Structure formats: structure tokens, C-alpha cells
$ cat structure-v4.pdb   # PDB, C-alpha atoms
ATOM      1  CA  MET L   1       3.426 -10.587 -30.759  1.00  0.00           C
ATOM      2  CA  PHE L   2      -0.295 -10.578 -31.351  1.00  0.00           C
ATOM      3  CA  LEU L   3      -0.086  -7.703 -33.829  1.00  0.00           C
ATOM      4  CA  ASP L   4       2.621  -9.499 -35.807  1.00  0.00           C
ATOM      5  CA  GLY L   5       0.516 -12.650 -35.807  1.00  0.00           C
ATOM      6  CA  GLU L   6      -2.553 -10.724 -36.912  1.00  0.00           C
ATOM      7  CA  ARG L   7      -0.628  -9.283 -39.856  1.00  0.00           C
ATOM      8  CA  CYS L   8       0.261 -12.825 -40.898  1.00  0.00           C
ATOM      9  CA  GLY L   9      -3.352 -13.943 -40.554  1.00  0.00           C
ATOM     10  CA  ARG L  10      -2.839 -15.943 -37.348  1.00  0.00           C
ATOM     11  CA  GLY L  11      -5.115 -15.806 -34.312  1.00  0.00           C
ATOM     12  CA  ALA L  12      -4.203 -15.673 -30.633  1.00  0.00           C
ATOM     13  CA  GLU L  13      -4.700 -19.421 -30.243  1.00  0.00           C
ATOM     14  CA  ASP L  14      -2.218 -20.095 -33.033  1.00  0.00           C
ATOM     15  CA  ILE L  15       0.378 -17.869 -31.370  1.00  0.00           C
ATOM     16  CA  ILE L  16       0.201 -18.943 -27.728  1.00  0.00           C
ATOM     17  CA  GLY L  17      -1.630 -22.246 -27.943  1.00  0.00           C
ATOM     18  CA  GLU L  18      -4.798 -23.306 -26.219  1.00  0.00           C
ATOM     19  CA  ASP L  19      -3.394 -23.118 -22.686  1.00  0.00           C
ATOM     20  CA  TYR L  20      -3.125 -19.345 -22.322  1.00  0.00           C
ATOM     21  CA  GLU L  21      -2.648 -19.644 -18.566  1.00  0.00           C
ATOM     22  CA  ALA L  22       0.494 -21.744 -18.965  1.00  0.00           C
ATOM     23  CA  PHE L  23       1.782 -19.267 -21.551  1.00  0.00           C
ATOM     24  CA  CYS L  24       1.223 -16.335 -19.175  1.00  0.00           C
ATOM     25  CA  GLN L  25       2.909 -18.196 -16.315  1.00  0.00           C
ATOM     26  CA  SER L  26       5.921 -18.911 -18.518  1.00  0.00           C
ATOM     27  CA  VAL L  27       6.176 -15.217 -19.455  1.00  0.00           C
ATOM     28  CA  ILE L  28       6.001 -14.219 -15.774  1.00  0.00           C
ATOM     29  CA  ALA L  29       8.600 -16.853 -14.840  1.00  0.00           C
ATOM     30  CA  ALA L  30      10.933 -15.535 -17.558  1.00  0.00           C
ATOM     31  CA  LEU L  31      10.897 -11.999 -16.144  1.00  0.00           C
ATOM     32  CA  PRO L  32      14.147 -11.106 -14.359  1.00  0.00           C
ATOM     33  CA  ARG L  33      14.017 -11.007 -10.573  1.00  0.00           C
ATOM     34  CA  LEU L  34      14.517  -7.588  -8.988  1.00  0.00           C
ATOM     35  CA  ALA L  35      17.780  -6.934  -7.178  1.00  0.00           C
ATOM     36  CA  TRP L  36      17.588  -7.084  -3.358  1.00  0.00           C
ATOM     37  CA  ARG L  37      18.042  -3.285  -3.213  1.00  0.00           C
ATOM     38  CA  ASN L  38      15.013  -2.707  -5.434  1.00  0.00           C
ATOM     39  CA  ARG L  39      12.916  -5.234  -3.498  1.00  0.00           C
ATOM     40  CA  LEU L  40      13.836  -3.459  -0.246  1.00  0.00           C
ATOM     41  CA  ILE L  41      12.949  -0.064  -1.718  1.00  0.00           C
ATOM     42  CA  ASN L  42       9.626  -1.512  -2.916  1.00  0.00           C
ATOM     43  CA  LYS L  43       8.813  -2.743   0.602  1.00  0.00           C
ATOM     44  CA  LEU L  44       9.860   0.575   2.163  1.00  0.00           C
ATOM     45  CA  CYS L  45       7.757   2.353  -0.422  1.00  0.00           C
ATOM     46  CA  ASP L  46       4.759   0.269   0.697  1.00  0.00           C
ATOM     47  CA  VAL L  47       5.369   1.294   4.312  1.00  0.00           C
ATOM     48  CA  VAL L  48       5.717   4.988   3.408  1.00  0.00           C
ATOM     49  CA  LEU L  49       2.552   4.780   1.292  1.00  0.00           C
ATOM     50  CA  ALA L  50       0.717   3.239   4.256  1.00  0.00           C
ATOM     51  CA  VAL L  51       1.849   6.135   6.452  1.00  0.00           C
ATOM     52  CA  ILE L  52       0.763   8.637   3.792  1.00  0.00           C
ATOM     53  CA  PHE L  53      -2.666   7.013   3.569  1.00  0.00           C
ATOM     54  CA  TYR L  54      -2.939   7.037   7.357  1.00  0.00           C
ATOM     55  CA  LEU L  55      -2.017  10.722   7.580  1.00  0.00           C
ATOM     56  CA  ALA L  56      -4.471  11.576   4.788  1.00  0.00           C
ATOM     57  CA  PHE L  57      -7.142   9.448   6.515  1.00  0.00           C
ATOM     58  CA  GLU L  58      -6.632  11.363   9.765  1.00  0.00           C
ATOM     59  CA  LEU L  59      -6.535  14.718   7.958  1.00  0.00           C
ATOM     60  CA  ILE L  60      -9.902  14.009   6.326  1.00  0.00           C
ATOM     61  CA  GLY L  61     -11.291  13.064   9.743  1.00  0.00           C
ATOM     62  CA  HIS L  62      -9.899  16.297  11.172  1.00  0.00           C
ATOM     63  CA  ILE L  63     -11.490  18.364   8.393  1.00  0.00           C
ATOM     64  CA  LEU L  64     -14.853  16.684   9.024  1.00  0.00           C
ATOM     65  CA  GLU L  65     -14.577  17.410  12.757  1.00  0.00           C
ATOM     66  CA  VAL L  66     -13.743  21.059  12.048  1.00  0.00           C
ATOM     67  CA  LEU L  67     -16.734  21.326   9.707  1.00  0.00           C
ATOM     68  CA  LYS L  68     -18.950  20.001  12.502  1.00  0.00           C
ATOM     69  CA  ASP L  69     -17.420  22.654  14.826  1.00  0.00           C
ATOM     70  CA  ASN L  70     -16.129  19.973  17.176  1.00  0.00           C
ATOM     71  CA  ALA L  71     -12.381  20.458  16.751  1.00  0.00           C
ATOM     72  CA  ASP L  72      -9.607  23.007  16.878  1.00  0.00           C
ATOM     73  CA  VAL L  73      -8.700  24.048  13.331  1.00  0.00           C
ATOM     74  CA  TRP L  74      -4.943  24.338  14.014  1.00  0.00           C
ATOM     75  CA  SER L  75      -4.380  21.028  15.785  1.00  0.00           C
ATOM     76  CA  VAL L  76      -4.790  17.488  14.448  1.00  0.00           C
ATOM     77  CA  VAL L  77      -5.565  14.856  17.079  1.00  0.00           C
ATOM     78  CA  LEU L  78      -4.165  11.350  16.644  1.00  0.00           C
ATOM     79  CA  MET L  79      -5.437   8.504  18.824  1.00  0.00           C
ATOM     80  CA  PRO L  80      -4.316   4.870  19.076  1.00  0.00           C
ATOM     81  CA  GLN L  81      -7.865   3.636  18.390  1.00  0.00           C
ATOM     82  CA  THR L  82      -8.044   5.236  14.961  1.00  0.00           C
ATOM     83  CA  THR L  83      -4.510   4.083  14.165  1.00  0.00           C
ATOM     84  CA  ALA L  84      -5.460   0.483  14.978  1.00  0.00           C
ATOM     85  CA  GLU L  85      -8.632   0.754  12.921  1.00  0.00           C
ATOM     86  CA  PHE L  86      -6.693   2.168   9.971  1.00  0.00           C
ATOM     87  CA  PHE L  87      -4.044  -0.569   9.964  1.00  0.00           C
ATOM     88  CA  ALA L  88      -6.746  -3.223  10.321  1.00  0.00           C
ATOM     89  CA  MET L  89      -8.568  -1.753   7.298  1.00  0.00           C
ATOM     90  CA  LEU L  90      -5.289  -1.628   5.368  1.00  0.00           C
ATOM     91  CA  LEU L  91      -4.646  -5.283   6.233  1.00  0.00           C
ATOM     92  CA  ILE L  92      -8.096  -6.318   5.025  1.00  0.00           C
ATOM     93  CA  ILE L  93      -7.675  -4.355   1.786  1.00  0.00           C
ATOM     94  CA  HIS L  94      -4.201  -5.815   1.198  1.00  0.00           C
ATOM     95  CA  VAL L  95      -5.331  -9.391   1.761  1.00  0.00           C
ATOM     96  CA  ALA L  96      -8.446  -8.947  -0.398  1.00  0.00           C
ATOM     97  CA  ARG L  97      -6.438  -7.335  -3.198  1.00  0.00           C
ATOM     98  CA  TYR L  98      -3.796 -10.052  -3.078  1.00  0.00           C
ATOM     99  CA  TYR L  99      -6.447 -12.789  -2.966  1.00  0.00           C
ATOM    100  CA  HIS L 100      -7.988 -11.341  -6.120  1.00  0.00           C
ATOM    101  CA  ALA L 101      -4.574 -11.110  -7.825  1.00  0.00           C
ATOM    102  CA  ARG L 102      -3.781 -14.654  -6.701  1.00  0.00           C
ATOM    103  CA  GLN L 103      -6.921 -15.894  -8.384  1.00  0.00           C
ATOM    104  CA  GLU L 104      -5.786 -14.200 -11.580  1.00  0.00           C
ATOM    105  CA  LEU L 105      -2.094 -15.180 -11.534  1.00  0.00           C
ATOM    106  CA  HIS L 106      -1.961 -18.122  -9.125  1.00  0.00           C
ATOM    107  CA  GLY L 107       0.775 -16.469  -7.059  1.00  0.00           C
ATOM    108  CA  THR L 108       2.075 -17.718  -3.734  1.00  0.00           C
ATOM    109  CA  TRP L 109       1.293 -16.484  -0.248  1.00  0.00           C
ATOM    110  CA  ARG L 110       4.997 -16.635   0.599  1.00  0.00           C
ATOM    111  CA  ASP L 111       5.552 -13.381  -1.310  1.00  0.00           C
ATOM    112  CA  GLN L 112       2.877 -11.591   0.723  1.00  0.00           C
ATOM    113  CA  LEU L 113       3.715 -12.977   4.163  1.00  0.00           C
ATOM    114  CA  GLY L 114       5.902  -9.976   5.113  1.00  0.00           C
ATOM    115  CA  PRO L 115       3.339  -7.237   4.394  1.00  0.00           C
ATOM    116  CA  VAL L 116       0.522  -9.248   5.987  1.00  0.00           C
ATOM    117  CA  LEU L 117       2.560  -9.853   9.146  1.00  0.00           C
ATOM    118  CA  LEU L 118       3.656  -6.201   9.273  1.00  0.00           C
ATOM    119  CA  LEU L 119       0.092  -4.874   8.968  1.00  0.00           C
ATOM    120  CA  THR L 120      -1.199  -7.442  11.472  1.00  0.00           C
ATOM    121  CA  PHE L 121       1.528  -6.504  13.934  1.00  0.00           C
ATOM    122  CA  ALA L 122       0.868  -2.767  13.469  1.00  0.00           C
ATOM    123  CA  ALA L 123      -2.880  -3.199  13.999  1.00  0.00           C
ATOM    124  CA  ALA L 124      -2.338  -5.433  17.050  1.00  0.00           C
ATOM    125  CA  VAL L 125       0.195  -3.087  18.686  1.00  0.00           C
ATOM    126  CA  CYS L 126      -2.004  -0.034  18.081  1.00  0.00           C
ATOM    127  CA  GLY L 127      -5.049  -1.932  19.356  1.00  0.00           C
ATOM    128  CA  ALA L 128      -3.221  -3.097  22.493  1.00  0.00           C
ATOM    129  CA  PHE L 129      -1.882   0.402  23.102  1.00  0.00           C
ATOM    130  CA  ALA L 130      -5.394   1.806  22.646  1.00  0.00           C
ATOM    131  CA  GLY L 131      -6.695  -0.691  25.182  1.00  0.00           C
ATOM    132  CA  LEU L 132      -4.018   0.198  27.722  1.00  0.00           C
ATOM    133  CA  VAL L 133      -4.281   3.968  27.293  1.00  0.00           C
ATOM    134  CA  PRO L 134      -7.783   4.628  25.913  1.00  0.00           C
ATOM    135  CA  THR L 135      -7.702   8.370  26.600  1.00  0.00           C
ATOM    136  CA  LEU L 136      -4.335   9.092  24.941  1.00  0.00           C
ATOM    137  CA  GLN L 137      -4.536  11.871  22.381  1.00  0.00           C
ATOM    138  CA  LEU L 138      -1.618  13.337  20.489  1.00  0.00           C
ATOM    139  CA  HIS L 139      -2.245  16.930  19.415  1.00  0.00           C
ATOM    140  CA  ILE L 140      -0.091  17.908  16.415  1.00  0.00           C
ATOM    141  CA  PRO L 141       0.003  21.437  14.987  1.00  0.00           C
ATOM    142  CA  LEU L 142      -1.657  21.477  11.570  1.00  0.00           C
ATOM    143  CA  MET L 143       1.276  23.103   9.735  1.00  0.00           C
ATOM    144  CA  PHE L 144       3.734  20.532  11.086  1.00  0.00           C
ATOM    145  CA  TYR L 145       1.304  17.751  10.185  1.00  0.00           C
ATOM    146  CA  LEU L 146       0.999  19.029   6.605  1.00  0.00           C
ATOM    147  CA  LEU L 147       4.784  19.397   6.366  1.00  0.00           C
ATOM    148  CA  VAL L 148       5.312  15.781   7.470  1.00  0.00           C
ATOM    149  CA  LEU L 149       2.697  14.617   4.957  1.00  0.00           C
ATOM    150  CA  LEU L 150       4.452  16.552   2.181  1.00  0.00           C
ATOM    151  CA  VAL L 151       7.855  15.103   3.140  1.00  0.00           C
ATOM    152  CA  PHE L 152       6.454  11.567   2.995  1.00  0.00           C
ATOM    153  CA  VAL L 153       4.894  12.220  -0.419  1.00  0.00           C
ATOM    154  CA  LEU L 154       8.216  13.560  -1.757  1.00  0.00           C
ATOM    155  CA  LEU L 155      10.064  10.616  -0.203  1.00  0.00           C
ATOM    156  CA  VAL L 156       7.838   8.038  -1.876  1.00  0.00           C
ATOM    157  CA  LYS L 157       8.160   9.896  -5.189  1.00  0.00           C
ATOM    158  CA  LYS L 158      11.964   9.718  -4.892  1.00  0.00           C
ATOM    159  CA  MET L 159      11.835   6.034  -3.895  1.00  0.00           C
ATOM    160  CA  LEU L 160       9.742   5.202  -6.935  1.00  0.00           C
ATOM    161  CA  LYS L 161      12.339   6.869  -9.162  1.00  0.00           C
ATOM    162  CA  TRP L 162      15.094   4.768  -7.513  1.00  0.00           C
ATOM    163  CA  VAL L 163      13.236   1.569  -8.313  1.00  0.00           C
ATOM    164  CA  GLN L 164      12.766   2.514 -11.947  1.00  0.00           C
TER     165      GLN L 164
END
$ encode --input "structure-v4.pdb" --output "C-alpha cells"
Amino acid sequence: MFLDGERCGRGAEDIIGEDYEAFCQSVIAALPRLAWRNRLINKLCDVVLAVIFYLAFELIGHILEVLKDNADVWSVVLMPQTTAEFFAMLLIIHVARYYHARQELHGTWRDQLGPVLLLTFAAAVCGAFAGLVPTLQLHIPLMFYLLVLLVFVLLVKKMLKWVQ
């Protein structure tokens, strides 16, 4: 649109008017709404991505512990405390990212209520579990851990193709 206008000697203000924000909002409003199946796959994709990030987060922690000679190389240890901390960090990042996007596009919080509640619930459950059983440690063989991580990565790749 802008390139065609430029060829005709018109500027951006001539094409979209002075209220560019209203123009952008009208373009966004004109976009077709995703089907319920695609919206569900998008949400599931977010959950799988969160699990992938958590597993990668724990794997990096495991590698650092091994490098300090404080951990068994062949066993990854998962604890409720680190799970709660991870989901709390993910919640903070999600809210901050959405707040920034909201400032740009003036979106609604209604669209983000589900992910925010899910991350809050996950962090609260993991935190409560960590408080009840502070010494719980789940030792997972490294090869199995890497296999699960790979399966989740392939799953999210497949889900993204479904959405497209």
C-alpha cells in the first residue's frame, strides 16, 4: 500500500490519514478470527513451549552443577522449588511482554487471562508442594530426560505446522 502510494507521489499521511493508530486498529479488527481448533492448538503450543523452556532451564542448571563437580553426570535432579521459581519467572515475563504489547496495540487483558491464571496456578501449586515437601528430589536418567525434551520439541514443531 505504501509502495503503491510512493510510486504515485503520495506520502504515508495521505494514504492512512493522520490517525495512524485508528488505521492500525481497523486493520487488526478486519483480520479473520482463528478457528477454535487453531486457538486451542496455539494455547497447547504455549504450554508445551513452557515445558520445553523449563526442561532446558533445568538441563542448564544440571550442566553447571556437573561442571562444579557437585552432581552426578547421568542423573538430572528436579525439585519443586526450582519448578515454582521457573513458573513464577515465566509468569513475570509473560505479563511484562503482554503489558508492553498492550501499550503498543491497546489490546485487552481478557485475551491474556487464561495464560496468566495458568502460570499463576502452576507457580502456586509448585510453591505449595515445595513448602510441604522441601526435601523432595526427583532423579531422572539423563538419556530419558533428553529424549523427553526432544519429543516435546518435535511435538511443538508439529503443532506449529497444524496452526499454519
$ residues_around --input "structure-v4.pdb" --residues "range 122-134 of chain L" --least-positions-apart "5" --cutoff "12 Å" --atoms "all atoms listed in the file" --output "list in words"
Val47, Ala50, Val51, Leu78, Met79, Pro80, Gln81, Thr82, Thr83, Ala84, Glu85, Phe86, Phe87, Ala88, Met89, Leu90, Leu91, Ile92, Pro115, Val116 and Leu117 of chain L
$ closest_residue --input "structure-v4.pdb" --among "L:Val77, L:Val156, L:Leu55, L:Leu34" --to "Leu138 in chain L" --atoms "all atoms listed in the file"
L:Val77
$ axis_aligned_box --input "structure-v4.pdb" --around "range 77-80 of chain L" --padding-each-side "8 Å" --output "AutoDock Vina command-line options"
--center_x -4.9 --center_y 9.9 --center_z 17.9 --size_x 17.4 --size_y 26.0 --size_z 18.4
$ resolve_selection --input "structure-v4.pdb" --expression "the PyMOL selection byres ((chain L and resi 1) around 10)" --output "JSON, numbers by chain"
{"L": [2, 3, 4, 5, 6, 12, 15, 16]}
$ closest_residue --input "structure-v4.pdb" --among "L:His94, L:Lys43, L:Lys158, L:His62" --to "Ile140 in chain L" --atoms "only C-alpha atoms"
L:His62
$ atom_distance --input "structure-v4.pdb" --atom1 "CA of Trp74 in chain L" --atom2 "CA of Leu149 in chain L"
15.3 Å
$ decode --input "structure-v4.pdb" --residues "range 15-43 of chain L" --atoms "N, CA and C atoms" --output "JSON list (two decimals), in the first residue's frame"
[["chain", "number", "residue", "atom", "x", "y", "z"],
["L", 15, "ILE", "N", -2.10, 8.37, 2.64],
["L", 15, "ILE", "CA", -2.67, 7.04, 2.45],
["L", 15, "ILE", "C", -3.54, 6.62, 3.63],
["L", 16, "ILE", "N", -3.01, 6.77, 4.84],
["L", 16, "ILE", "CA", -3.75, 6.26, 6.01],
["L", 16, "ILE", "C", -4.38, 7.36, 6.86],
["L", 17, "GLY", "N", -4.10, 8.59, 6.56],
["L", 17, "GLY", "CA", -4.65, 9.68, 7.35],
["L", 17, "GLY", "C", -3.72, 10.04, 8.49],
["L", 18, "GLU", "N", -4.15, 11.00, 9.28],
["L", 18, "GLU", "CA", -3.31, 11.46, 10.38],
["L", 18, "GLU", "C", -3.39, 10.54, 11.60],
["L", 19, "ASP", "N", -4.50, 9.84, 11.75],
["L", 19, "ASP", "CA", -4.66, 8.95, 12.92],
["L", 19, "ASP", "C", -4.21, 7.54, 12.54],
["L", 20, "TYR", "N", -2.89, 7.33, 12.59],
["L", 20, "TYR", "CA", -2.34, 6.03, 12.20],
["L", 20, "TYR", "C", -2.76, 4.93, 13.17],
["L", 21, "GLU", "N", -2.98, 5.29, 14.43],
["L", 21, "GLU", "CA", -3.38, 4.30, 15.42],
["L", 21, "GLU", "C", -4.76, 3.74, 15.09],
["L", 22, "ALA", "N", -5.68, 4.60, 14.73],
["L", 22, "ALA", "CA", -7.02, 4.13, 14.35],
["L", 22, "ALA", "C", -6.95, 3.27, 13.09],
["L", 23, "PHE", "N", -6.09, 3.64, 12.15],
["L", 23, "PHE", "CA", -5.92, 2.84, 10.94],
["L", 23, "PHE", "C", -5.42, 1.44, 11.30],
["L", 24, "CYS", "N", -4.40, 1.37, 12.15],
["L", 24, "CYS", "CA", -3.84, 0.07, 12.54],
["L", 24, "CYS", "C", -4.88, -0.77, 13.28],
["L", 25, "GLN", "N", -5.65, -0.14, 14.15],
["L", 25, "GLN", "CA", -6.70, -0.87, 14.87],
["L", 25, "GLN", "C", -7.75, -1.41, 13.91],
["L", 26, "SER", "N", -8.08, -0.64, 12.89],
["L", 26, "SER", "CA", -9.07, -1.12, 11.91],
["L", 26, "SER", "C", -8.51, -2.29, 11.10],
["L", 27, "VAL", "N", -7.23, -2.27, 10.79],
["L", 27, "VAL", "CA", -6.61, -3.40, 10.07],
["L", 27, "VAL", "C", -6.64, -4.65, 10.96],
["L", 28, "ILE", "N", -6.29, -4.49, 12.23],
["L", 28, "ILE", "CA", -6.29, -5.62, 13.16],
["L", 28, "ILE", "C", -7.70, -6.16, 13.33],
["L", 29, "ALA", "N", -8.69, -5.27, 13.45],
["L", 29, "ALA", "CA", -10.08, -5.70, 13.61],
["L", 29, "ALA", "C", -10.59, -6.43, 12.37],
["L", 30, "ALA", "N", -10.06, -6.10, 11.21],
["L", 30, "ALA", "CA", -10.51, -6.73, 9.96],
["L", 30, "ALA", "C", -9.91, -8.12, 9.75],
["L", 31, "LEU", "N", -8.87, -8.46, 10.51],
["L", 31, "LEU", "CA", -8.27, -9.78, 10.36],
["L", 31, "LEU", "C", -9.26, -10.86, 10.78],
["L", 32, "PRO", "N", -9.30, -11.98, 10.07],
["L", 32, "PRO", "CA", -10.24, -13.05, 10.45],
["L", 32, "PRO", "C", -9.83, -13.69, 11.77],
["L", 33, "ARG", "N", -10.82, -14.08, 12.54],
["L", 33, "ARG", "CA", -10.57, -14.73, 13.83],
["L", 33, "ARG", "C", -10.21, -16.18, 13.57],
["L", 34, "LEU", "N", -9.23, -16.69, 14.33],
["L", 34, "LEU", "CA", -8.82, -18.08, 14.19],
["L", 34, "LEU", "C", -9.95, -19.02, 14.60],
["L", 35, "ALA", "N", -10.00, -20.17, 13.97],
["L", 35, "ALA", "CA", -10.96, -21.20, 14.35],
["L", 35, "ALA", "C", -10.63, -21.69, 15.76],
["L", 36, "TRP", "N", -11.62, -22.23, 16.46],
["L", 36, "TRP", "CA", -11.43, -22.68, 17.85],
["L", 36, "TRP", "C", -10.33, -23.74, 17.91],
["L", 37, "ARG", "N", -10.22, -24.59, 16.89],
["L", 37, "ARG", "CA", -9.19, -25.63, 16.87],
["L", 37, "ARG", "C", -7.80, -24.99, 16.85],
["L", 38, "ASN", "N", -7.62, -23.98, 16.03],
["L", 38, "ASN", "CA", -6.32, -23.31, 15.95],
["L", 38, "ASN", "C", -6.00, -22.54, 17.22],
["L", 39, "ARG", "N", -7.01, -21.94, 17.84],
["L", 39, "ARG", "CA", -6.78, -21.23, 19.11],
["L", 39, "ARG", "C", -6.36, -22.22, 20.19],
["L", 40, "LEU", "N", -7.01, -23.40, 20.21],
["L", 40, "LEU", "CA", -6.66, -24.43, 21.19],
["L", 40, "LEU", "C", -5.24, -24.93, 20.96],
["L", 41, "ILE", "N", -4.88, -25.16, 19.70],
["L", 41, "ILE", "CA", -3.52, -25.61, 19.40],
["L", 41, "ILE", "C", -2.51, -24.54, 19.79],
["L", 42, "ASN", "N", -2.85, -23.27, 19.58],
["L", 42, "ASN", "CA", -1.95, -22.19, 20.00],
["L", 42, "ASN", "C", -1.72, -22.22, 21.50],
["L", 43, "LYS", "N", -2.79, -22.39, 22.28],
["L", 43, "LYS", "CA", -2.66, -22.44, 23.74],
["L", 43, "LYS", "C", -1.85, -23.66, 24.17]]
